[in-house]
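To be precise, the following lines are work36.txt, and they hold compact mmCIF, C-alpha atoms.
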# COMPACT_ATOMS: atom_id res chain seq x y z
CA MET A 7 -38.44 -252.69 -22.10
CA ASP A 8 -35.39 -253.59 -24.13
CA SER A 9 -32.58 -251.12 -24.22
CA ILE A 10 -30.28 -250.26 -27.07
CA GLY A 11 -26.80 -248.74 -27.28
CA ASN A 12 -24.41 -247.60 -29.97
CA ASP A 13 -20.84 -246.45 -30.38
CA ILE A 14 -18.89 -244.79 -33.15
CA VAL A 15 -15.11 -244.65 -33.52
CA ASP A 16 -13.44 -242.21 -35.90
CA LEU A 17 -10.54 -244.38 -37.04
CA ASN A 18 -8.34 -241.48 -38.09
CA LEU A 19 -8.75 -239.85 -34.71
CA ALA A 20 -8.22 -243.17 -32.92
CA LYS A 21 -4.85 -243.39 -34.68
CA THR A 22 -3.64 -240.15 -33.13
CA GLN A 23 -5.68 -240.00 -29.91
CA SER A 24 -4.75 -243.46 -28.64
CA ASN A 25 -1.83 -245.80 -28.97
CA TRP A 26 -3.14 -249.36 -28.77
CA GLN A 27 0.44 -250.62 -28.66
CA ARG A 28 1.12 -248.74 -25.45
CA LYS A 29 2.17 -251.05 -22.63
CA GLY A 30 -0.88 -252.05 -20.61
CA PHE A 31 -3.45 -250.76 -23.11
CA LEU A 32 -4.59 -254.20 -24.25
CA GLU A 33 -4.06 -255.96 -20.92
CA LYS A 34 -6.29 -253.56 -19.01
CA GLN A 35 -9.20 -253.54 -21.44
CA PHE A 36 -9.32 -256.81 -23.30
CA SER A 37 -9.68 -260.43 -22.20
CA GLN A 38 -6.88 -262.93 -22.88
CA LYS A 39 -8.91 -264.34 -25.75
CA GLU A 40 -9.55 -260.90 -27.27
CA GLN A 41 -5.87 -259.96 -26.94
CA HIS A 42 -4.95 -263.15 -28.73
CA GLU A 43 -7.41 -262.36 -31.53
CA ILE A 44 -6.12 -258.79 -31.83
CA LEU A 45 -2.47 -259.78 -32.01
CA ASN A 46 -3.19 -262.45 -34.61
CA ALA A 47 -5.51 -260.31 -36.72
CA GLU A 48 -4.63 -259.19 -40.23
CA ASN A 49 -5.38 -255.64 -39.08
CA PRO A 50 -4.84 -255.49 -35.30
CA PHE A 51 -5.65 -251.76 -35.14
CA LEU A 52 -9.10 -252.31 -36.66
CA LYS A 53 -9.74 -255.29 -34.38
CA VAL A 54 -8.92 -253.19 -31.30
CA TRP A 55 -11.49 -250.56 -32.25
CA LEU A 56 -14.08 -253.06 -33.37
CA PHE A 57 -13.90 -254.84 -29.99
CA TRP A 58 -13.84 -251.48 -28.22
CA SER A 59 -16.96 -250.23 -29.97
CA MET A 60 -18.77 -253.53 -29.22
CA LYS A 61 -17.88 -253.14 -25.54
CA GLU A 62 -18.97 -249.51 -25.44
CA ALA A 63 -22.26 -250.16 -27.23
CA ALA A 64 -23.05 -253.03 -24.84
CA TYR A 65 -22.03 -250.88 -21.84
CA LYS A 66 -24.44 -248.14 -22.94
CA CYS A 67 -27.18 -250.73 -23.25
CA TYR A 68 -26.44 -252.14 -19.80
CA THR A 69 -26.13 -248.81 -17.97
CA GLN A 70 -29.49 -247.56 -19.25
CA LYS A 71 -31.09 -250.52 -17.58
CA PHE A 72 -29.09 -250.55 -14.35
CA GLU A 73 -28.47 -246.79 -14.01
CA ALA A 74 -24.84 -247.21 -13.02
CA ARG A 75 -21.56 -245.87 -14.38
CA PHE A 76 -18.25 -247.66 -14.21
CA PHE A 77 -15.17 -248.46 -16.30
CA ALA A 78 -14.75 -252.20 -16.79
CA PRO A 79 -14.17 -252.81 -20.50
CA GLN A 80 -12.34 -256.08 -19.92
CA LYS A 81 -15.43 -257.66 -18.37
CA PHE A 82 -17.48 -257.14 -21.53
CA GLU A 83 -16.45 -260.24 -23.43
CA CYS A 84 -16.79 -260.08 -27.18
CA SER A 85 -17.08 -262.78 -29.77
CA PHE A 86 -18.06 -262.72 -33.41
CA THR A 87 -21.03 -264.59 -34.78
CA SER A 88 -20.71 -263.50 -38.43
CA GLU A 89 -18.96 -260.94 -40.65
CA GLU A 90 -21.17 -258.21 -39.26
CA THR A 91 -22.56 -259.48 -35.97
CA GLY A 92 -21.22 -260.39 -32.58
CA ARG A 93 -22.12 -261.11 -28.99
CA VAL A 94 -20.99 -259.33 -25.85
CA VAL A 95 -21.44 -260.97 -22.46
CA PHE A 96 -21.27 -259.00 -19.22
CA LYS A 97 -22.23 -260.48 -15.84
CA GLY A 98 -24.42 -263.09 -17.49
CA ASN A 99 -26.22 -260.53 -19.68
CA VAL A 100 -25.97 -261.16 -23.40
CA PHE A 101 -25.95 -258.29 -25.88
CA TYR A 102 -26.36 -258.83 -29.59
CA THR A 103 -24.28 -256.49 -31.69
CA THR A 104 -24.27 -255.54 -35.33
CA PHE A 105 -21.38 -253.51 -36.66
CA PHE A 106 -20.36 -251.69 -39.79
CA PHE A 107 -16.90 -250.43 -40.63
CA ASN A 108 -15.06 -248.82 -43.51
CA SER A 109 -11.70 -247.07 -43.68
CA PHE A 110 -13.13 -244.03 -41.86
CA TYR A 111 -15.17 -245.33 -38.94
CA VAL A 112 -16.55 -248.27 -36.97
CA HIS A 113 -20.17 -248.15 -35.84
CA THR A 114 -21.70 -250.76 -33.54
CA ILE A 115 -25.25 -251.20 -32.26
CA ALA A 116 -25.93 -253.42 -29.24
CA ARG A 117 -29.33 -254.65 -28.12
CA GLU A 118 -30.77 -257.19 -25.74
CA THR A 119 -32.77 -259.12 -28.28
CA LYS A 120 -31.98 -260.25 -31.78
CA GLU A 121 -35.05 -258.55 -33.22
CA GLU A 122 -34.83 -255.13 -34.78
CA VAL A 123 -38.38 -254.00 -34.09
CA ASN A 124 -38.96 -250.23 -34.28
CA THR A 125 -35.21 -249.52 -34.30
CA PHE A 126 -33.73 -246.61 -36.23
CA SER A 127 -30.10 -245.59 -36.57
CA ALA A 128 -27.83 -243.36 -38.62
CA VAL A 129 -24.29 -242.02 -38.83
CA GLY A 130 -23.75 -238.31 -39.48
CA LEU A 131 -21.82 -235.25 -38.37
CA PRO A 132 -21.13 -234.78 -34.65
CA ASN A 133 -22.72 -231.34 -34.32
CA THR A 134 -25.94 -232.12 -36.18
CA ILE A 135 -26.59 -235.62 -34.87
CA ASP A 136 -29.17 -234.47 -32.30
CA SER A 137 -31.22 -232.65 -34.92
CA ASP A 138 -30.83 -235.56 -37.37
CA LEU A 139 -32.29 -237.80 -34.69
CA LYS A 140 -35.17 -235.42 -33.97
CA ILE A 141 -36.05 -235.22 -37.66
CA LYS A 142 -35.99 -238.98 -38.09
CA LEU A 143 -38.01 -239.50 -34.92
CA ALA A 144 -40.56 -236.84 -35.92
CA VAL A 145 -41.12 -238.55 -39.25
CA GLU A 146 -41.54 -241.94 -37.61
CA ILE A 147 -44.15 -240.80 -35.10
CA GLY A 148 -45.78 -238.24 -37.39
CA VAL A 149 -45.16 -235.01 -35.48
CA SER A 150 -43.16 -231.83 -36.06
CA SER A 151 -39.48 -232.13 -35.08
CA GLU A 152 -39.70 -228.76 -33.30
CA GLU A 153 -42.04 -230.31 -30.77
CA ILE A 154 -39.50 -232.93 -29.78
CA GLU A 155 -37.49 -232.23 -26.68
CA LYS A 156 -34.27 -233.91 -25.53
CA ARG A 157 -33.72 -234.75 -21.87
CA LYS A 158 -31.12 -236.75 -20.02
CA THR A 159 -31.42 -239.47 -17.42
CA GLY A 160 -29.46 -239.40 -14.16
CA ILE A 161 -26.54 -241.18 -15.78
CA GLY A 162 -26.63 -238.97 -18.86
CA ALA A 163 -28.47 -241.22 -21.32
CA PRO A 164 -30.59 -239.23 -23.79
CA LEU A 165 -34.37 -239.52 -23.98
CA PHE A 166 -36.75 -237.72 -26.30
CA TYR A 167 -40.18 -236.39 -25.39
CA HIS A 168 -43.10 -235.12 -27.43
CA ARG A 169 -45.49 -232.95 -25.39
CA GLU A 170 -44.36 -234.55 -22.13
CA GLU A 171 -44.75 -238.03 -23.53
CA LEU A 172 -41.66 -240.22 -23.69
CA VAL A 173 -41.33 -241.31 -27.33
CA THR A 174 -37.98 -243.12 -27.18
CA PRO A 175 -38.05 -245.83 -24.51
CA SER A 176 -34.38 -246.37 -25.29
CA CYS A 177 -31.92 -244.19 -27.16
CA SER A 178 -28.16 -243.80 -27.52
CA ILE A 179 -26.04 -241.08 -29.13
CA SER A 180 -22.32 -241.37 -29.76
CA HIS A 181 -19.75 -238.78 -30.89
CA HIS A 182 -16.14 -239.26 -31.90
CA GLY A 183 -14.00 -236.99 -34.05
CA ASN A 184 -15.71 -236.22 -37.35
CA TYR A 185 -18.69 -238.49 -36.72
CA GLY A 186 -21.88 -238.70 -34.76
CA ALA A 187 -24.25 -241.64 -34.59
CA PHE A 188 -27.56 -242.51 -33.02
CA VAL A 189 -29.88 -245.40 -32.46
CA PHE A 190 -33.33 -245.32 -30.89
CA ILE A 191 -36.38 -247.47 -30.34
CA VAL A 192 -39.78 -245.91 -30.95
CA ALA A 193 -42.54 -246.49 -28.42
CA ASN A 194 -45.59 -248.33 -29.58
CA ARG A 195 -48.24 -245.63 -29.44
CA CYS A 196 -51.92 -246.38 -29.49
CA MET B 9 0.66 -237.84 -0.29
CA LYS B 10 -1.62 -234.85 0.32
CA LYS B 11 -4.84 -234.47 -1.64
CA GLU B 12 -3.77 -231.11 -3.11
CA GLU B 13 -0.54 -232.60 -4.40
CA ILE B 14 -2.41 -235.51 -6.01
CA ILE B 15 -4.90 -233.12 -7.66
CA SER B 16 -2.10 -231.03 -9.09
CA LYS B 17 -0.40 -234.12 -10.54
CA LEU B 18 -3.75 -235.33 -11.89
CA LYS B 19 -4.27 -232.01 -13.67
CA THR B 20 -1.05 -232.58 -15.61
CA ILE B 21 -2.08 -236.14 -16.42
CA VAL B 22 -5.59 -235.40 -17.74
CA LYS B 23 -4.69 -232.23 -19.65
CA PRO B 24 -3.86 -233.91 -22.98
CA TYR B 25 -7.23 -235.70 -23.05
CA ILE B 26 -9.70 -233.02 -22.00
CA GLN B 27 -12.19 -231.52 -24.45
CA ASN B 28 -13.84 -229.04 -22.11
CA GLU B 29 -11.51 -226.17 -21.12
CA GLU B 30 -14.00 -224.64 -18.71
CA GLY B 31 -14.34 -227.94 -16.83
CA PHE B 32 -10.56 -228.24 -16.73
CA LYS B 33 -10.11 -224.71 -15.38
CA ASN B 34 -12.53 -225.54 -12.56
CA LEU B 35 -11.11 -228.99 -11.89
CA ASN B 36 -11.74 -230.06 -8.30
CA GLU B 37 -12.54 -233.17 -6.28
CA ASP B 38 -16.07 -233.39 -7.70
CA THR B 39 -14.95 -233.24 -11.34
CA ASP B 40 -16.15 -236.13 -13.49
CA PHE B 41 -13.75 -237.13 -16.29
CA ILE B 42 -16.48 -237.76 -18.85
CA ASN B 43 -19.32 -235.40 -17.90
CA ASP B 44 -17.21 -232.39 -16.88
CA LEU B 45 -13.99 -232.73 -18.85
CA GLU B 46 -15.55 -234.52 -21.86
CA ILE B 47 -12.68 -236.96 -21.98
CA ASN B 48 -13.32 -239.65 -24.54
CA SER B 49 -13.97 -243.00 -22.86
CA ALA B 50 -11.30 -244.53 -25.09
CA ASN B 51 -8.76 -242.33 -23.27
CA LEU B 52 -9.74 -243.40 -19.74
CA VAL B 53 -7.25 -246.23 -19.95
CA ASP B 54 -4.49 -243.73 -20.79
CA ILE B 55 -5.28 -241.81 -17.63
CA ILE B 56 -5.15 -245.02 -15.61
CA LEU B 57 -1.81 -246.03 -17.15
CA ASP B 58 -0.43 -242.51 -16.63
CA VAL B 59 -1.55 -242.58 -12.97
CA GLU B 60 0.20 -245.94 -12.51
CA ASP B 61 3.42 -244.50 -13.96
CA GLU B 62 3.31 -241.19 -12.11
CA PHE B 63 2.49 -242.59 -8.67
CA LYS B 64 4.35 -245.89 -9.16
CA ILE B 65 1.33 -247.97 -8.20
CA GLU B 66 -0.50 -250.87 -9.78
CA ILE B 67 -4.23 -250.47 -10.32
CA ASP B 68 -6.28 -253.65 -10.28
CA ASN B 69 -9.49 -254.06 -12.28
CA ASP B 70 -11.82 -253.51 -9.34
CA SER B 71 -10.19 -250.18 -8.52
CA MET B 72 -10.10 -249.17 -12.18
CA GLU B 73 -13.89 -249.63 -12.41
CA LYS B 74 -14.47 -246.68 -10.09
CA MET B 75 -12.02 -244.24 -11.68
CA LEU B 76 -14.46 -241.92 -13.45
CA SER B 77 -13.97 -238.93 -11.19
CA VAL B 78 -11.15 -237.00 -9.52
CA LYS B 79 -12.46 -238.02 -6.09
CA ALA B 80 -12.53 -241.76 -6.87
CA THR B 81 -9.08 -241.53 -8.46
CA ILE B 82 -7.61 -239.81 -5.36
CA GLU B 83 -9.09 -242.57 -3.18
CA VAL B 84 -7.56 -245.29 -5.33
CA ILE B 85 -4.15 -243.54 -5.38
CA GLN B 86 -4.14 -243.01 -1.62
CA SER B 87 -5.18 -246.56 -0.82
CA LYS B 88 -2.55 -248.04 -3.16
CA MET B 89 0.23 -245.77 -1.88
CA ASN B 90 -0.54 -246.61 1.71
CA GLY B 91 -1.17 -250.27 0.97
Could you write out this structure as structure tokens?
Amino acid sequence: MDSIGNDIVDLNLAKTQSNWQRKGFLEKQFSQKEQHEILNAENPFLKVWLFWSMKEAAYKCYTQKFEARFFAPQKFECSFTSEETGRVVFKGNVFYTTFFFNSFYVHTIARETKEEVNTFSAVGLPNTIDSDLKIKLAVEIGVSSEEIEKRKTGIGAPLFYHREELVTPSCSISHHGNYGAFVFIVANRC
Amino acid sequence: MKKEEIISKLKTIVKPYIQNEEGFKNLNEDTDFINDLEINSANLVDIILDVEDEFKIEIDNDSMEKMLSVKATIEVIQSKMNG
């Protein structure tokens, strides 16, 4: 089964919470090529967080599959394929990303295939994102949202169940500052 | 450097980034930066850079990969200081 990941960055919070110009910040997390792109970008700050959210979304996709946790952002190599899509390569695995940004946030979704079959996503408030997801999921599978239960895998990835049946084969929830975001794939039910 | 001394220095380092006070109060060897302290993953690099500055060590990428918990961080610090 394909897995899916997502990541949201609150750009206002990123401004105060992190200093991308700090010595070592870029060197430790970005490849030479990415650093070059950042430093030559019209808006280096935005480029930093765009790359970062691509790396995080791909990491969440990868870790669901391999059930491992680690911190190796530099090894997730990003490139852009259009104004709103990119590719992330990690250990020979390719992740296809789509991103959206405005002056408030950056949101990236990463998946293993280019197709968007049965995929649902949204951006909302951090403290209501779980219930937003449940409501959306309930509508999609035609059940009551109160019957949907959230569980976590060993590495902390969220999964949603309806009466003991797994209804999201892959799911990812992200929080940062004033925003929450989710993406999930719905199981094909017969 | 003794483990207790490292933990006490680590507490000072992580404090600005934690989002879970309870987890911070109970910080021990088994504490996980993300699951227990709710540190944003975007701040992990700050912790690594702060550790490098505080302990005057250089952390390579392979060591950095493991630094998600207090225990793993102590191991990296000790191996670099003795290395």
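All residues of protein, DNA or RNA that reach within 10 Å of Arg157 in chain A, judged by all atoms listed in the file and not counting those fewer than 3 positions away in the chain, are Ile154, Gly160, Gly162, Ala163, Pro164, Leu165, Phe166, Tyr167 and Leu172 of chain A.
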Exercise for review: Could you give me, as a PyMOL selection string, the residues that have an atom at most 9 Å away from the point (-15.7, -256.1, -18.0) in the coordinates of the file, using all atoms listed in the file?
Suggested key: (chain A and resi 35-37+61+77-83+95-97) or (chain B and resi 69+73)
Store the residues of this selection in a file with C-alpha atoms, as an mmCIF file, in the coordinates of the input.
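Ended up saving to part.cif:
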data_model
loop_
_atom_site.group_PDB
_atom_site.id
_atom_site.type_symbol
_atom_site.label_atom_id
_atom_site.label_comp_id
_atom_site.auth_asym_id
_atom_site.auth_seq_id
_atom_site.Cartn_x
_atom_site.Cartn_y
_atom_site.Cartn_z
ATOM 1 C CA GLN A 35 -9.200 -253.540 -21.440
ATOM 2 C CA PHE A 36 -9.320 -256.810 -23.300
ATOM 3 C CA SER A 37 -9.680 -260.430 -22.200
ATOM 4 C CA LYS A 61 -17.880 -253.140 -25.540
ATOM 5 C CA PHE A 77 -15.170 -248.460 -16.300
ATOM 6 C CA ALA A 78 -14.750 -252.200 -16.790
ATOM 7 C CA PRO A 79 -14.170 -252.810 -20.500
ATOM 8 C CA GLN A 80 -12.340 -256.080 -19.920
ATOM 9 C CA LYS A 81 -15.430 -257.660 -18.370
ATOM 10 C CA PHE A 82 -17.480 -257.140 -21.530
ATOM 11 C CA GLU A 83 -16.450 -260.240 -23.430
ATOM 12 C CA VAL A 95 -21.440 -260.970 -22.460
ATOM 13 C CA PHE A 96 -21.270 -259.000 -19.220
ATOM 14 C CA LYS A 97 -22.230 -260.480 -15.840
ATOM 15 C CA ASN B 69 -9.490 -254.060 -12.280
ATOM 16 C CA GLU B 73 -13.890 -249.630 -12.410
#
Exercise for review: Residues of chain A no more than 9 Å from chain B, counting all atoms listed in the file: send them over as a ChimeraX atom specification.
Suggested key: /A:20,23-25,28-31,34-35,58,62,75-80,162,182
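Here the question is which of A:Thr125, A:Thr159, A:Ser109, A:Ser85 gets nearest to Glu43 in chain A using all atoms listed in the file, and that residue is A:Ser85.
One finds CA of Gly130 in chain A at 18.7 Å from CA of Leu56 in chain A.
Here the question is which of B:Met89, B:Leu45, B:Ile15, B:Ala80 gets nearest to Glu60 in chain B using only C-alpha atoms, and that residue is B:Met89.
When the distance limit is 12 Å and all atoms listed in the file are what count, the residues near Asn90 in chain B, minus those fewer than 2 positions from it on the same chain, are Met9, Lys10, Phe63, Lys64, Ile65, Glu83, Val84, Ile85, Gln86, Ser87 and Lys88 of chain B.
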Practice item. Do a neighbour search on Lys19 in chain B at 9 Å with all atoms listed in the file, toss out local chain neighbours closer than 5 positions, and write the hits as JSON, numbers by chain. Key: {"B": [14, 32, 35]}
Can those selected residues be exported to a file as a compact mmCIF listing (two decimals), in the coordinates of the input so that it contains C-alpha atoms?
# COMPACT_ATOMS: atom_id res chain seq x y z
CA ILE B 14 -2.41 -235.51 -6.01
CA PHE B 32 -10.56 -228.24 -16.73
CA LEU B 35 -11.11 -228.99 -11.89
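Shortest separation to Glu40 in chain A among A:Ile135, A:Ala187, A:Met60, A:Ile179 occurs at residue A:Met60, atoms counted being only C-alpha atoms.
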Would you mind listing what lies within 10 Å of Lys66 in chain A as an mmCIF file with C-alpha atoms, in the frame of the given file, with only C-alpha atoms counted and same-chain residues fewer than 2 positions away left out?
data_model
loop_
_atom_site.group_PDB
_atom_site.id
_atom_site.type_symbol
_atom_site.label_atom_id
_atom_site.label_comp_id
_atom_site.auth_asym_id
_atom_site.auth_seq_id
_atom_site.Cartn_x
_atom_site.Cartn_y
_atom_site.Cartn_z
ATOM 1 C CA SER A 9 -32.580 -251.120 -24.220
ATOM 2 C CA ILE A 10 -30.280 -250.260 -27.070
ATOM 3 C CA GLY A 11 -26.800 -248.740 -27.280
ATOM 4 C CA ASN A 12 -24.410 -247.600 -29.970
ATOM 5 C CA ASP A 13 -20.840 -246.450 -30.380
ATOM 6 C CA LYS A 61 -17.880 -253.140 -25.540
ATOM 7 C CA GLU A 62 -18.970 -249.510 -25.440
ATOM 8 C CA ALA A 63 -22.260 -250.160 -27.230
ATOM 9 C CA ALA A 64 -23.050 -253.030 -24.840
ATOM 10 C CA TYR A 68 -26.440 -252.140 -19.800
ATOM 11 C CA THR A 69 -26.130 -248.810 -17.970
ATOM 12 C CA GLN A 70 -29.490 -247.560 -19.250
ATOM 13 C CA LYS A 71 -31.090 -250.520 -17.580
ATOM 14 C CA GLU A 73 -28.470 -246.790 -14.010
ATOM 15 C CA ALA A 74 -24.840 -247.210 -13.020
ATOM 16 C CA ARG A 75 -21.560 -245.870 -14.380
ATOM 17 C CA ILE A 115 -25.250 -251.200 -32.260
ATOM 18 C CA ALA A 116 -25.930 -253.420 -29.240
ATOM 19 C CA ARG A 117 -29.330 -254.650 -28.120
ATOM 20 C CA ALA A 163 -28.470 -241.220 -21.320
ATOM 21 C CA CYS A 177 -31.920 -244.190 -27.160
ATOM 22 C CA SER A 178 -28.160 -243.800 -27.520
ATOM 23 C CA ILE A 179 -26.040 -241.080 -29.130
ATOM 24 C CA SER A 180 -22.320 -241.370 -29.760
#
Exercise for review: Between CA of Lys23 in chain B and CA of Lys21 in chain A, measure the distance and give it in Å to one decimal.
Suggested key: 18.7 Å
Complete the atoms of range 48-66 of chain A to N, CA and C atoms and put them out as a PDB file, keeping the file's coordinate frame.
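Heads up, here's the output in part-v5.pdb:
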ATOM      1  N   GLU A  48      -5.275-259.755 -39.048  1.00  0.00           N
ATOM      2  CA  GLU A  48      -4.630-259.190 -40.230  1.00  0.00           C
ATOM      3  C   GLU A  48      -4.427-257.688 -40.021  1.00  0.00           C
ATOM      4  N   ASN A  49      -5.454-257.065 -39.391  1.00  0.00           N
ATOM      5  CA  ASN A  49      -5.380-255.640 -39.080  1.00  0.00           C
ATOM      6  C   ASN A  49      -5.670-255.444 -37.586  1.00  0.00           C
ATOM      7  N   PRO A  50      -4.629-255.560 -36.761  1.00  0.00           N
ATOM      8  CA  PRO A  50      -4.840-255.490 -35.300  1.00  0.00           C
ATOM      9  C   PRO A  50      -5.485-254.173 -34.853  1.00  0.00           C
ATOM     10  N   PHE A  51      -5.101-253.070 -35.482  1.00  0.00           N
ATOM     11  CA  PHE A  51      -5.650-251.760 -35.140  1.00  0.00           C
ATOM     12  C   PHE A  51      -7.181-251.760 -35.291  1.00  0.00           C
ATOM     13  N   LEU A  52      -7.654-252.275 -36.414  1.00  0.00           N
ATOM     14  CA  LEU A  52      -9.100-252.310 -36.660  1.00  0.00           C
ATOM     15  C   LEU A  52      -9.800-253.229 -35.652  1.00  0.00           C
ATOM     16  N   LYS A  53      -9.164-254.341 -35.341  1.00  0.00           N
ATOM     17  CA  LYS A  53      -9.740-255.290 -34.380  1.00  0.00           C
ATOM     18  C   LYS A  53      -9.883-254.648 -33.009  1.00  0.00           C
ATOM     19  N   VAL A  54      -8.872-253.891 -32.592  1.00  0.00           N
ATOM     20  CA  VAL A  54      -8.920-253.190 -31.300  1.00  0.00           C
ATOM     21  C   VAL A  54     -10.170-252.322 -31.241  1.00  0.00           C
ATOM     22  N   TRP A  55     -10.390-251.532 -32.289  1.00  0.00           N
ATOM     23  CA  TRP A  55     -11.490-250.560 -32.250  1.00  0.00           C
ATOM     24  C   TRP A  55     -12.842-251.205 -32.498  1.00  0.00           C
ATOM     25  N   LEU A  56     -12.838-252.310 -33.185  1.00  0.00           N
ATOM     26  CA  LEU A  56     -14.080-253.060 -33.370  1.00  0.00           C
ATOM     27  C   LEU A  56     -14.520-253.652 -32.013  1.00  0.00           C
ATOM     28  N   PHE A  57     -13.591-254.302 -31.330  1.00  0.00           N
ATOM     29  CA  PHE A  57     -13.900-254.840 -29.990  1.00  0.00           C
ATOM     30  C   PHE A  57     -14.323-253.700 -29.060  1.00  0.00           C
ATOM     31  N   TRP A  58     -13.570-252.607 -29.112  1.00  0.00           N
ATOM     32  CA  TRP A  58     -13.840-251.480 -28.220  1.00  0.00           C
ATOM     33  C   TRP A  58     -15.267-250.960 -28.443  1.00  0.00           C
ATOM     34  N   SER A  59     -15.646-250.798 -29.706  1.00  0.00           N
ATOM     35  CA  SER A  59     -16.960-250.230 -29.970  1.00  0.00           C
ATOM     36  C   SER A  59     -18.068-251.224 -29.594  1.00  0.00           C
ATOM     37  N   MET A  60     -17.792-252.514 -29.693  1.00  0.00           N
ATOM     38  CA  MET A  60     -18.770-253.530 -29.220  1.00  0.00           C
ATOM     39  C   MET A  60     -18.947-253.412 -27.709  1.00  0.00           C
ATOM     40  N   LYS A  61     -17.836-253.255 -27.006  1.00  0.00           N
ATOM     41  CA  LYS A  61     -17.880-253.140 -25.540  1.00  0.00           C
ATOM     42  C   LYS A  61     -18.624-251.882 -25.115  1.00  0.00           C
ATOM     43  N   GLU A  62     -18.324-250.779 -25.785  1.00  0.00           N
ATOM     44  CA  GLU A  62     -18.970-249.510 -25.440  1.00  0.00           C
ATOM     45  C   GLU A  62     -20.469-249.539 -25.721  1.00  0.00           C
ATOM     46  N   ALA A  63     -20.842-250.095 -26.867  1.00  0.00           N
ATOM     47  CA  ALA A  63     -22.260-250.160 -27.230  1.00  0.00           C
ATOM     48  C   ALA A  63     -23.012-251.027 -26.212  1.00  0.00           C
ATOM     49  N   ALA A  64     -22.407-252.143 -25.817  1.00  0.00           N
ATOM     50  CA  ALA A  64     -23.050-253.030 -24.840  1.00  0.00           C
ATOM     51  C   ALA A  64     -23.111-252.347 -23.463  1.00  0.00           C
ATOM     52  N   TYR A  65     -22.046-251.626 -23.112  1.00  0.00           N
ATOM     53  CA  TYR A  65     -22.030-250.880 -21.840  1.00  0.00           C
ATOM     54  C   TYR A  65     -23.166-249.866 -21.792  1.00  0.00           C
ATOM     55  N   LYS A  66     -23.377-249.158 -22.898  1.00  0.00           N
ATOM     56  CA  LYS A  66     -24.440-248.140 -22.940  1.00  0.00           C
ATOM     57  C   LYS A  66     -25.816-248.791 -22.816  1.00  0.00           C
TER      58      LYS A  66
END
